[in-house]
Amino acid sequence: EDDEAALEELLGPSPLALGPGAQRVAIVHPAVKWGPQKSPLTTAELQIAEAVALVDTLQNWTVLDKIIIPTKNPNKKFVFGKGNFQVLTEKIKKLPRVTAVFLNVERISSLTKKELEAAWGVQVFDRYTVVLQIFRCNARTKEAKLQVALAEIPLLRSNLKNEVSQRDQQRGGSRYVMGSGETFLETQNHVLKQRELKIRNALEKLRRKRALLRTQRRKCEFPMVSVMGYTNCGKTTLIKALTGEAGLQPRDQLFATLDITAHAGYLPSHMAVIYVDTIGFLTDLPHNLVESFSATLEEVAYSDLIVHVRDITHPETTLQKATVLSVLRNLNLPSHLLDSVVEVHNKVDLIERYKPAEENALAVSALHGHGLEELKQEIEKKILTATGKKILTVNINLEGPQLSWLYKEATVQEVEVMAEDGTARVKVIIGSSAFGRYKNLFPNSKIFMS
């Protein structure tokens, strides 16, 4: 009960939540025209289109205007050069009833935020703030909410520094708290450190609980397939198509899935597998956010196979692939997992006579079921290799316990009964440990490798 009470306290209302109120947003994109910060795989127009999609994900938020302004270095204090900053300021001030500016950069410092808000007279958000707000709105489970609370800590620290510098400028009162010898900054930092520690401990407990569930799944020898991809690429729709799970309701929005969810399905040989739906990725997804969700993403390291889903109709599909592969490499996954990734080109129903340029990619339409059988066969082939499972045919005596044992411990594919001598030929898929037990229990059984 104490644990539950402490957890509820951590999951209380966020001091950073932007609330349900409407926001009328001007999106400003600093377009880097040259230099190492310019991405060759995208354009300013596509980047601002993704920023619009992020804003559209939030209820009661509307985009008033989209402004692209060139800059040499988006990391400097005012982001833009003096002339461009003046032009931008005039544009923002002329917008009707604007309440916020979304500056489409990964993160701005609290000092830059303060200066920009003073110049424009409205709130200023960066990608970190906007994505975090989407996460807040979509977090359903305790684990997702805790991970969002953990991702807020760097912002709270940044806000605290800003608050302290303002106090120092105003020179109001003593810098020390109630004569304790501790400054206000030290006291608040201590509070934040304690909060972070509590969140990490709560996440660790949930992680251990999930490890226990994973061990139970391993005992049942269900192979695990992690389905990954850029946000809104169609992962949930594909899992629904592969499993036939009617309860799965895919949503056409960014970051609809924040929690790991597991769904059972069957491969062509009738082997049962668990498909794991994971959080989507985003270009320039702030590092702290990825770090906060590492508890969710660690599940991927324990899977037997990764299926990487791409929205092949998206104009930035190549950049999206690079983003996902970069995150996968940073998760320190076992090399065999990275080497065996199945790449799926989704939404091919929207492109006439589509053929993948990549040699091993599979073209599918999760919505219309095109290419799913080929995908299931490829998953099965890779799963058999990854798990060391074997497809065998065994001769059994129908009067003995072998058939019921095989039904319980392996995947029985077909049974051919020879009534005249009371035997049967049984085709099974069996894991290596179960196969060892079978040979020990039934040493006289005839076994034929398929």
# chains A, B, ... in the order shown; residues from 1 in each chain; ligands from 1

$ residues_around --residues "range 190-207 of chain A" --least-positions-apart "2" --cutoff "8 Å" --atoms "only C-alpha atoms" --output "PyMOL selection string"
chain A and resi 7+10+143+146-147+149-150+153+156-157+186-188+209-211+295

$ write_last_selection --atoms "N, CA, C and O atoms" --output "short mmCIF file (atom, residue, chain, number, x, y, z; two decimals), in the first residue's frame"
data_model
loop_
_atom_site.label_atom_id
_atom_site.label_comp_id
_atom_site.auth_asym_id
_atom_site.auth_seq_id
_atom_site.Cartn_x
_atom_site.Cartn_y
_atom_site.Cartn_z
N LEU A 7 3.67 5.73 -5.54
CA LEU A 7 3.53 5.73 -7.00
C LEU A 7 2.50 6.77 -7.44
O LEU A 7 2.72 7.53 -8.39
N LEU A 10 3.93 10.19 -7.45
CA LEU A 10 4.80 10.45 -8.62
C LEU A 10 3.97 10.68 -9.88
O LEU A 10 4.40 11.37 -10.80
N GLU A 143 3.58 2.64 -16.26
CA GLU A 143 4.96 2.67 -16.76
C GLU A 143 5.17 3.84 -17.73
O GLU A 143 6.14 4.57 -17.64
N LEU A 146 5.22 7.08 -15.81
CA LEU A 146 6.49 7.24 -15.10
C LEU A 146 7.61 7.67 -16.05
O LEU A 146 8.44 8.51 -15.71
N GLN A 147 7.60 7.08 -17.24
CA GLN A 147 8.65 7.42 -18.21
C GLN A 147 8.50 8.88 -18.68
O GLN A 147 9.49 9.57 -18.91
N ALA A 149 7.24 11.24 -16.74
CA ALA A 149 7.69 12.02 -15.57
C ALA A 149 9.21 12.10 -15.53
O ALA A 149 9.79 13.14 -15.18
N LEU A 150 9.87 11.00 -15.92
CA LEU A 150 11.34 10.98 -15.96
C LEU A 150 11.87 11.93 -17.04
O LEU A 150 12.86 12.64 -16.84
N ILE A 153 12.23 15.68 -16.06
CA ILE A 153 13.24 16.15 -15.11
C ILE A 153 14.22 17.17 -15.72
O ILE A 153 14.46 18.22 -15.14
N LEU A 156 12.53 20.50 -15.91
CA LEU A 156 12.35 21.09 -14.58
C LEU A 156 13.66 21.71 -14.09
O LEU A 156 13.68 22.79 -13.51
N ARG A 157 14.79 21.02 -14.36
CA ARG A 157 16.11 21.54 -13.97
C ARG A 157 16.41 22.84 -14.70
O ARG A 157 16.90 23.80 -14.12
N GLU A 186 20.19 24.84 -4.49
CA GLU A 186 20.64 23.56 -3.93
C GLU A 186 19.46 22.76 -3.37
O GLU A 186 19.35 21.55 -3.57
N THR A 187 18.56 23.48 -2.66
CA THR A 187 17.40 22.80 -2.07
C THR A 187 16.51 22.19 -3.15
O THR A 187 16.12 21.02 -3.08
N GLN A 188 16.20 22.99 -4.20
CA GLN A 188 15.32 22.51 -5.26
C GLN A 188 15.98 21.40 -6.08
O GLN A 188 15.32 20.46 -6.52
N LYS A 209 9.20 -6.87 -12.86
CA LYS A 209 7.92 -7.58 -13.08
C LYS A 209 7.83 -8.05 -14.53
O LYS A 209 7.41 -9.17 -14.81
N ARG A 210 8.28 -7.18 -15.46
CA ARG A 210 8.21 -7.55 -16.87
C ARG A 210 9.23 -8.65 -17.19
O ARG A 210 8.97 -9.52 -18.02
N ALA A 211 10.37 -8.62 -16.52
CA ALA A 211 11.38 -9.68 -16.72
C ALA A 211 10.82 -11.02 -16.31
O ALA A 211 11.09 -12.05 -16.93
N ALA A 295 13.37 1.81 -20.78
CA ALA A 295 12.74 0.67 -20.09
C ALA A 295 11.80 -0.07 -21.02
O ALA A 295 11.73 -1.30 -21.03
#

$ closest_residue --among "A:Pro30, A:Lys427, A:Thr43, A:Ala119" --to "Asn75 in chain A" --atoms "only C-alpha atoms"
A:Pro30

$ residues_around --residues "range 46-49 of chain A" --least-positions-apart "6" --cutoff "8 Å" --atoms "only C-alpha atoms" --output "compact mmCIF listing (two decimals) with all heavy atoms, in the first residue's frame"
# COMPACT_ATOMS: atom_id res chain seq x y z
N ILE A 27 4.12 27.98 -36.48
CA ILE A 27 5.28 27.07 -36.55
C ILE A 27 6.40 27.79 -37.30
O ILE A 27 6.21 28.28 -38.42
CB ILE A 27 4.93 25.76 -37.27
CG1 ILE A 27 3.83 25.03 -36.50
CG2 ILE A 27 6.15 24.87 -37.39
CD1 ILE A 27 3.34 23.76 -37.16
N VAL A 28 7.56 27.87 -36.65
CA VAL A 28 8.72 28.53 -37.26
C VAL A 28 9.81 27.48 -37.45
O VAL A 28 10.21 26.82 -36.48
CB VAL A 28 9.24 29.68 -36.36
CG1 VAL A 28 10.52 30.27 -36.94
CG2 VAL A 28 8.16 30.75 -36.19
N HIS A 29 10.25 27.33 -38.70
CA HIS A 29 11.30 26.35 -38.98
C HIS A 29 12.59 27.05 -39.41
O HIS A 29 12.61 27.73 -40.42
CB HIS A 29 10.86 25.39 -40.08
CG HIS A 29 11.92 24.38 -40.41
ND1 HIS A 29 12.24 23.33 -39.57
CD2 HIS A 29 12.79 24.30 -41.46
CE1 HIS A 29 13.23 22.63 -40.10
NE2 HIS A 29 13.58 23.19 -41.25
N LYS A 66 2.72 28.85 -41.01
CA LYS A 66 3.98 28.09 -41.11
C LYS A 66 5.01 29.04 -41.71
O LYS A 66 4.80 29.57 -42.81
CB LYS A 66 3.80 26.87 -42.02
CG LYS A 66 2.75 25.90 -41.52
CD LYS A 66 2.46 24.79 -42.52
CE LYS A 66 1.73 25.33 -43.74
NZ LYS A 66 1.31 24.28 -44.67
N ILE A 68 9.06 29.57 -42.72
CA ILE A 68 10.42 29.02 -42.90
C ILE A 68 11.38 30.21 -43.01
O ILE A 68 11.21 31.09 -43.85
CB ILE A 68 10.50 28.15 -44.18
CG1 ILE A 68 9.60 26.91 -44.02
CG2 ILE A 68 11.94 27.72 -44.45
CD1 ILE A 68 9.45 26.08 -45.29
N ASN A 104 10.77 24.80 -34.50
CA ASN A 104 11.00 23.40 -34.89
C ASN A 104 12.48 23.01 -34.79
O ASN A 104 13.13 22.69 -35.77
CB ASN A 104 10.47 23.18 -36.31
CG ASN A 104 10.37 21.69 -36.64
OD1 ASN A 104 10.20 20.87 -35.75
ND2 ASN A 104 10.48 21.35 -37.91
N PRO A 315 7.32 10.86 -48.34
CA PRO A 315 8.42 11.47 -49.10
C PRO A 315 9.77 11.38 -48.37
O PRO A 315 10.82 11.46 -49.00
CB PRO A 315 8.00 12.93 -49.28
CG PRO A 315 6.86 13.16 -48.33
CD PRO A 315 6.23 11.82 -48.10
N GLU A 316 9.76 11.21 -47.04
CA GLU A 316 11.02 11.12 -46.29
C GLU A 316 11.31 9.69 -45.85
O GLU A 316 12.01 9.48 -44.85
CB GLU A 316 10.95 12.01 -45.04
CG GLU A 316 10.98 13.50 -45.34
CD GLU A 316 10.94 14.31 -44.07
OE1 GLU A 316 9.92 14.28 -43.37
OE2 GLU A 316 11.93 14.99 -43.77

$ select_by_dssp --residues "range 225-440 of chain A" --states "alpha helix (DSSP H)" --output "ChimeraX atom specification"
/A:235-243,287-292,294-301,317-330,335-339,372-387,402-409,432-440

$ select_by_dssp --residues "range 228-375 of chain A" --states "strand (DSSP E)" --output "PyMOL selection string"
chain A and resi 228-229+261-266+272-277+305-311+342-346+362-363

$ write_last_selection --atoms "N, CA and C atoms" --output "JSON list (two decimals), in the first residue's frame"
[["chain", "number", "residue", "atom", "x", "y", "z"],
["A", 228, "MET", "N", 8.89, -2.66, -35.28],
["A", 228, "MET", "CA", 9.40, -1.31, -35.03],
["A", 228, "MET", "C", 9.28, -0.46, -36.29],
["A", 229, "GLY", "N", 9.36, 0.85, -36.11],
["A", 229, "GLY", "CA", 9.31, 1.73, -37.27],
["A", 229, "GLY", "C", 9.12, 3.18, -36.87],
["A", 261, "THR", "N", 3.03, -3.44, -26.21],
["A", 261, "THR", "CA", 1.86, -4.32, -26.11],
["A", 261, "THR", "C", 2.17, -5.60, -26.87],
["A", 262, "ALA", "N", 1.71, -6.73, -26.33],
["A", 262, "ALA", "CA", 2.03, -8.04, -26.92],
["A", 262, "ALA", "C", 0.77, -8.68, -27.48],
["A", 263, "HIS", "N", 0.91, -9.31, -28.68],
["A", 263, "HIS", "CA", -0.26, -9.88, -29.37],
["A", 263, "HIS", "C", 0.14, -11.23, -29.97],
["A", 264, "ALA", "N", -0.68, -12.24, -29.73],
["A", 264, "ALA", "CA", -0.36, -13.59, -30.21],
["A", 264, "ALA", "C", -0.84, -13.78, -31.64],
["A", 265, "GLY", "N", -0.03, -14.47, -32.44],
["A", 265, "GLY", "CA", -0.41, -14.80, -33.82],
["A", 265, "GLY", "C", 0.18, -16.15, -34.21],
["A", 266, "TYR", "N", -0.20, -16.62, -35.40],
["A", 266, "TYR", "CA", 0.28, -17.93, -35.86],
["A", 266, "TYR", "C", 0.97, -17.79, -37.21],
["A", 272, "ALA", "N", 2.94, -20.71, -32.80],
["A", 272, "ALA", "CA", 2.46, -19.49, -32.15],
["A", 272, "ALA", "C", 3.64, -18.54, -31.91],
["A", 273, "VAL", "N", 3.44, -17.26, -32.19],
["A", 273, "VAL", "CA", 4.47, -16.25, -31.92],
["A", 273, "VAL", "C", 3.82, -15.07, -31.21],
["A", 274, "ILE", "N", 4.64, -14.28, -30.51],
["A", 274, "ILE", "CA", 4.17, -13.06, -29.85],
["A", 274, "ILE", "C", 4.70, -11.87, -30.65],
["A", 275, "TYR", "N", 3.79, -11.04, -31.18],
["A", 275, "TYR", "CA", 4.19, -9.80, -31.85],
["A", 275, "TYR", "C", 4.17, -8.67, -30.82],
["A", 276, "VAL", "N", 5.27, -7.93, -30.73],
["A", 276, "VAL", "CA", 5.37, -6.85, -29.75],
["A", 276, "VAL", "C", 5.32, -5.50, -30.48],
["A", 277, "ASP", "N", 4.32, -4.69, -30.13],
["A", 277, "ASP", "CA", 4.18, -3.36, -30.73],
["A", 277, "ASP", "C", 4.98, -2.38, -29.87],
["A", 305, "LEU", "N", 13.37, -11.70, -33.19],
["A", 305, "LEU", "CA", 13.41, -11.11, -34.54],
["A", 305, "LEU", "C", 12.85, -9.70, -34.48],
["A", 306, "ILE", "N", 13.41, -8.80, -35.32],
["A", 306, "ILE", "CA", 12.87, -7.45, -35.46],
["A", 306, "ILE", "C", 12.28, -7.30, -36.85],
["A", 307, "VAL", "N", 11.04, -6.80, -36.91],
["A", 307, "VAL", "CA", 10.43, -6.46, -38.20],
["A", 307, "VAL", "C", 10.39, -4.93, -38.27],
["A", 308, "HIS", "N", 11.07, -4.37, -39.26],
["A", 308, "HIS", "CA", 11.14, -2.91, -39.42],
["A", 308, "HIS", "C", 10.13, -2.49, -40.49],
["A", 309, "VAL", "N", 9.09, -1.77, -40.06],
["A", 309, "VAL", "CA", 8.01, -1.35, -40.97],
["A", 309, "VAL", "C", 8.30, 0.06, -41.48],
["A", 310, "ARG", "N", 8.18, 0.24, -42.81],
["A", 310, "ARG", "CA", 8.36, 1.56, -43.41],
["A", 310, "ARG", "C", 7.10, 1.97, -44.15],
["A", 311, "ASP", "N", 6.71, 3.24, -43.99],
["A", 311, "ASP", "CA", 5.65, 3.81, -44.83],
["A", 311, "ASP", "C", 6.33, 4.23, -46.12],
["A", 342, "VAL", "N", 13.92, -7.98, -40.64],
["A", 342, "VAL", "CA", 13.05, -8.12, -41.82],
["A", 342, "VAL", "C", 12.50, -6.73, -42.14],
["A", 343, "GLU", "N", 12.79, -6.23, -43.34],
["A", 343, "GLU", "CA", 12.30, -4.91, -43.72],
["A", 343, "GLU", "C", 11.01, -5.02, -44.51],
["A", 344, "VAL", "N", 9.98, -4.31, -44.04],
["A", 344, "VAL", "CA", 8.65, -4.37, -44.66],
["A", 344, "VAL", "C", 8.31, -3.01, -45.24],
["A", 345, "HIS", "N", 8.00, -2.97, -46.54],
["A", 345, "HIS", "CA", 7.55, -1.74, -47.18],
["A", 345, "HIS", "C", 6.02, -1.74, -47.18],
["A", 346, "ASN", "N", 5.46, -0.91, -46.30],
["A", 346, "ASN", "CA", 4.01, -0.91, -46.09],
["A", 346, "ASN", "C", 3.32, 0.16, -46.95],
["A", 362, "LEU", "N", 10.24, -6.67, -48.25],
["A", 362, "LEU", "CA", 8.97, -7.29, -48.64],
["A", 362, "LEU", "C", 7.91, -6.20, -48.77],
["A", 363, "ALA", "N", 7.19, -6.21, -49.90],
["A", 363, "ALA", "CA", 6.14, -5.21, -50.14],
["A", 363, "ALA", "C", 4.81, -5.73, -49.60]]

$ residues_around --residues "His270 in chain A" --least-positions-apart "5" --cutoff "12 Å" --atoms "only C-alpha atoms" --output "VMD selection string"
chain A and resid 264 to 265 376 to 377 380 391 407 410 to 414 427 to 430

$ write_last_selection --atoms "N, CA and C atoms" --output "PDB file, in the first residue's frame"
ATOM      1  N   ALA A 264      -0.685 -12.239 -29.730  1.00  0.00           N
ATOM      2  CA  ALA A 264      -0.363 -13.593 -30.211  1.00  0.00           C
ATOM      3  C   ALA A 264      -0.844 -13.784 -31.641  1.00  0.00           C
ATOM      4  N   GLY A 265      -0.025 -14.471 -32.439  1.00  0.00           N
ATOM      5  CA  GLY A 265      -0.407 -14.795 -33.817  1.00  0.00           C
ATOM      6  C   GLY A 265       0.178 -16.146 -34.208  1.00  0.00           C
ATOM      7  N   LYS A 376       4.748 -13.696 -43.546  1.00  0.00           N
ATOM      8  CA  LYS A 376       4.681 -14.728 -42.495  1.00  0.00           C
ATOM      9  C   LYS A 376       5.703 -15.842 -42.749  1.00  0.00           C
ATOM     10  N   GLN A 377       5.857 -16.211 -44.032  1.00  0.00           N
ATOM     11  CA  GLN A 377       6.832 -17.265 -44.371  1.00  0.00           C
ATOM     12  C   GLN A 377       8.260 -16.813 -44.051  1.00  0.00           C
ATOM     13  N   GLU A 380       8.738 -16.835 -40.329  1.00  0.00           N
ATOM     14  CA  GLU A 380       8.898 -18.216 -39.844  1.00  0.00           C
ATOM     15  C   GLU A 380      10.306 -18.736 -40.115  1.00  0.00           C
ATOM     16  N   ILE A 391      11.931 -28.612 -37.490  1.00  0.00           N
ATOM     17  CA  ILE A 391      10.710 -29.232 -38.015  1.00  0.00           C
ATOM     18  C   ILE A 391      11.037 -30.711 -38.237  1.00  0.00           C
ATOM     19  N   TYR A 407       1.581 -32.558 -28.374  1.00  0.00           N
ATOM     20  CA  TYR A 407       0.603 -31.466 -28.458  1.00  0.00           C
ATOM     21  C   TYR A 407       0.870 -30.419 -27.364  1.00  0.00           C
ATOM     22  N   ALA A 410       5.104 -29.136 -28.026  1.00  0.00           N
ATOM     23  CA  ALA A 410       5.597 -28.717 -29.349  1.00  0.00           C
ATOM     24  C   ALA A 410       4.418 -28.220 -30.185  1.00  0.00           C
ATOM     25  N   THR A 411       4.700 -27.824 -31.433  1.00  0.00           N
ATOM     26  CA  THR A 411       3.622 -27.417 -32.345  1.00  0.00           C
ATOM     27  C   THR A 411       3.381 -28.558 -33.329  1.00  0.00           C
ATOM     28  N   VAL A 412       2.247 -29.239 -33.184  1.00  0.00           N
ATOM     29  CA  VAL A 412       1.919 -30.361 -34.075  1.00  0.00           C
ATOM     30  C   VAL A 412       1.324 -29.788 -35.354  1.00  0.00           C
ATOM     31  N   GLN A 413       1.958 -30.115 -36.500  1.00  0.00           N
ATOM     32  CA  GLN A 413       1.479 -29.572 -37.771  1.00  0.00           C
ATOM     33  C   GLN A 413       0.497 -30.503 -38.464  1.00  0.00           C
ATOM     34  N   GLU A 414       0.859 -31.783 -38.518  1.00  0.00           N
ATOM     35  CA  GLU A 414      -0.083 -32.743 -39.127  1.00  0.00           C
ATOM     36  C   GLU A 414       0.137 -34.138 -38.559  1.00  0.00           C
ATOM     37  N   LYS A 427       4.099 -34.638 -37.826  1.00  0.00           N
ATOM     38  CA  LYS A 427       5.037 -33.568 -38.192  1.00  0.00           C
ATOM     39  C   LYS A 427       4.937 -32.475 -37.131  1.00  0.00           C
ATOM     40  N   VAL A 428       6.076 -32.116 -36.507  1.00  0.00           N
ATOM     41  CA  VAL A 428       6.057 -31.133 -35.413  1.00  0.00           C
ATOM     42  C   VAL A 428       7.154 -30.073 -35.590  1.00  0.00           C
ATOM     43  N   ILE A 429       6.898 -28.917 -34.959  1.00  0.00           N
ATOM     44  CA  ILE A 429       7.973 -27.932 -34.758  1.00  0.00           C
ATOM     45  C   ILE A 429       8.290 -27.995 -33.283  1.00  0.00           C
ATOM     46  N   ILE A 430       9.578 -28.178 -32.970  1.00  0.00           N
ATOM     47  CA  ILE A 430       9.942 -28.408 -31.570  1.00  0.00           C
ATOM     48  C   ILE A 430      11.218 -27.643 -31.217  1.00  0.00           C
TER      49      ILE A 430
END

$ closest_residue --among "A:Ala26, A:Ile396, A:Leu18, A:Leu338" --to "Thr62 in chain A" --atoms "only C-alpha atoms"
A:Ala26

$ residues_around --residues "range 85-98 of chain A" --least-positions-apart "3" --cutoff "9 Å" --atoms "only C-alpha atoms" --output "PyMOL selection string"
chain A and resi 23-26+28+64-65+67+69+78-82+101+119-122

$ write_last_selection --atoms "N, CA and C atoms" --output "compact mmCIF listing (two decimals), in the first residue's frame"
# COMPACT_ATOMS: atom_id res chain seq x y z
N GLN A 23 -4.59 26.10 -28.15
CA GLN A 23 -3.39 26.85 -28.53
C GLN A 23 -3.49 27.19 -30.01
N ARG A 24 -3.24 28.46 -30.34
CA ARG A 24 -3.19 28.88 -31.75
C ARG A 24 -1.72 29.13 -32.06
N VAL A 25 -1.15 28.23 -32.86
CA VAL A 25 0.31 28.12 -32.96
C VAL A 25 0.85 28.61 -34.31
N ALA A 26 1.93 29.37 -34.23
CA ALA A 26 2.73 29.68 -35.42
C ALA A 26 3.93 28.74 -35.40
N VAL A 28 7.56 27.87 -36.65
CA VAL A 28 8.72 28.53 -37.26
C VAL A 28 9.81 27.48 -37.45
N LEU A 64 -1.77 28.32 -37.03
CA LEU A 64 -2.16 29.60 -37.65
C LEU A 64 -1.34 29.90 -38.89
N ASP A 65 -0.02 29.59 -38.78
CA ASP A 65 0.87 29.94 -39.90
C ASP A 65 2.11 29.06 -39.85
N ILE A 67 6.10 29.24 -41.01
CA ILE A 67 7.10 30.21 -41.45
C ILE A 67 8.46 29.52 -41.54
N ILE A 69 12.38 30.25 -42.11
CA ILE A 69 13.35 31.36 -42.11
C ILE A 69 14.75 30.75 -42.17
N PHE A 78 19.59 33.71 -30.41
CA PHE A 78 18.31 34.10 -31.02
C PHE A 78 17.96 33.23 -32.23
N VAL A 79 18.73 32.18 -32.45
CA VAL A 79 18.50 31.17 -33.51
C VAL A 79 18.76 31.74 -34.91
N PHE A 80 18.30 32.97 -35.18
CA PHE A 80 18.43 33.57 -36.51
C PHE A 80 19.36 34.79 -36.47
N GLY A 81 19.77 35.22 -37.67
CA GLY A 81 20.54 36.47 -37.78
C GLY A 81 19.65 37.67 -37.43
N LYS A 82 20.27 38.81 -37.18
CA LYS A 82 19.54 39.99 -36.70
C LYS A 82 18.40 40.41 -37.63
N VAL A 101 4.41 30.00 -30.18
CA VAL A 101 5.28 29.73 -31.34
C VAL A 101 5.94 28.37 -31.10
N ALA A 119 10.55 38.77 -26.61
CA ALA A 119 10.51 39.47 -27.91
C ALA A 119 9.16 39.28 -28.61
N TRP A 120 8.56 38.09 -28.48
CA TRP A 120 7.34 37.79 -29.25
C TRP A 120 6.06 37.92 -28.43
N GLY A 121 6.18 37.97 -27.11
CA GLY A 121 5.01 38.16 -26.26
C GLY A 121 4.09 36.95 -26.16
N VAL A 122 4.59 35.75 -26.54
CA VAL A 122 3.79 34.51 -26.43
C VAL A 122 4.69 33.38 -25.94

$ closest_atom_pairs --of "range 31-138 of chain A" --to "range 230-246 of chain A" --cutoff "12 Å" --atoms "only C-alpha atoms" --output "Markdown table"
| residue | atom | partner | partner_atom | distance |
| --- | --- | --- | --- | --- |
| A:Glu50 | CA | A:Thr231 | CA | 10.8 |
| A:Ala53 | CA | A:Asn232 | CA | 10.4 |
| A:Leu54 | CA | A:Thr231 | CA | 10.7 |
| A:Thr57 | CA | A:Asn232 | CA | 11.3 |
| A:Val131 | CA | A:Thr231 | CA | 11.7 |

$ decode --residues "range 299-314 of chain A" --atoms "N, CA and C atoms" --output "compact mmCIF listing (two decimals), in the first residue's frame"
# COMPACT_ATOMS: atom_id res chain seq x y z
N GLU A 299 12.87 -4.22 -24.05
CA GLU A 299 12.15 -5.44 -24.41
C GLU A 299 12.62 -5.97 -25.76
N VAL A 300 13.00 -5.04 -26.64
CA VAL A 300 13.41 -5.40 -28.01
C VAL A 300 14.65 -6.30 -27.98
N ALA A 301 15.55 -6.05 -27.03
CA ALA A 301 16.79 -6.83 -26.95
C ALA A 301 16.52 -8.31 -26.68
N TYR A 302 15.34 -8.62 -26.10
CA TYR A 302 15.02 -10.01 -25.77
C TYR A 302 14.17 -10.68 -26.84
N SER A 303 13.92 -9.98 -27.94
CA SER A 303 13.11 -10.60 -28.99
C SER A 303 13.97 -11.52 -29.85
N ASP A 304 13.30 -12.38 -30.60
CA ASP A 304 14.01 -13.31 -31.49
C ASP A 304 14.19 -12.72 -32.89
N LEU A 305 13.37 -11.70 -33.19
CA LEU A 305 13.41 -11.11 -34.54
C LEU A 305 12.85 -9.70 -34.48
N ILE A 306 13.41 -8.80 -35.32
CA ILE A 306 12.87 -7.45 -35.46
C ILE A 306 12.28 -7.30 -36.85
N VAL A 307 11.04 -6.80 -36.91
CA VAL A 307 10.43 -6.46 -38.20
C VAL A 307 10.39 -4.93 -38.27
N HIS A 308 11.07 -4.37 -39.26
CA HIS A 308 11.14 -2.91 -39.42
C HIS A 308 10.13 -2.49 -40.49
N VAL A 309 9.09 -1.77 -40.06
CA VAL A 309 8.01 -1.35 -40.97
C VAL A 309 8.30 0.06 -41.48
N ARG A 310 8.18 0.24 -42.81
CA ARG A 310 8.36 1.56 -43.41
C ARG A 310 7.10 1.97 -44.15
N ASP A 311 6.71 3.24 -43.99
CA ASP A 311 5.65 3.81 -44.83
C ASP A 311 6.33 4.23 -46.12
N ILE A 312 6.20 3.40 -47.14
CA ILE A 312 6.96 3.60 -48.37
C ILE A 312 6.40 4.75 -49.21
N THR A 313 5.20 5.24 -48.83
CA THR A 313 4.61 6.36 -49.58
C THR A 313 5.11 7.70 -49.05
N HIS A 314 5.76 7.69 -47.88
CA HIS A 314 6.17 8.96 -47.27
C HIS A 314 7.36 9.56 -48.03
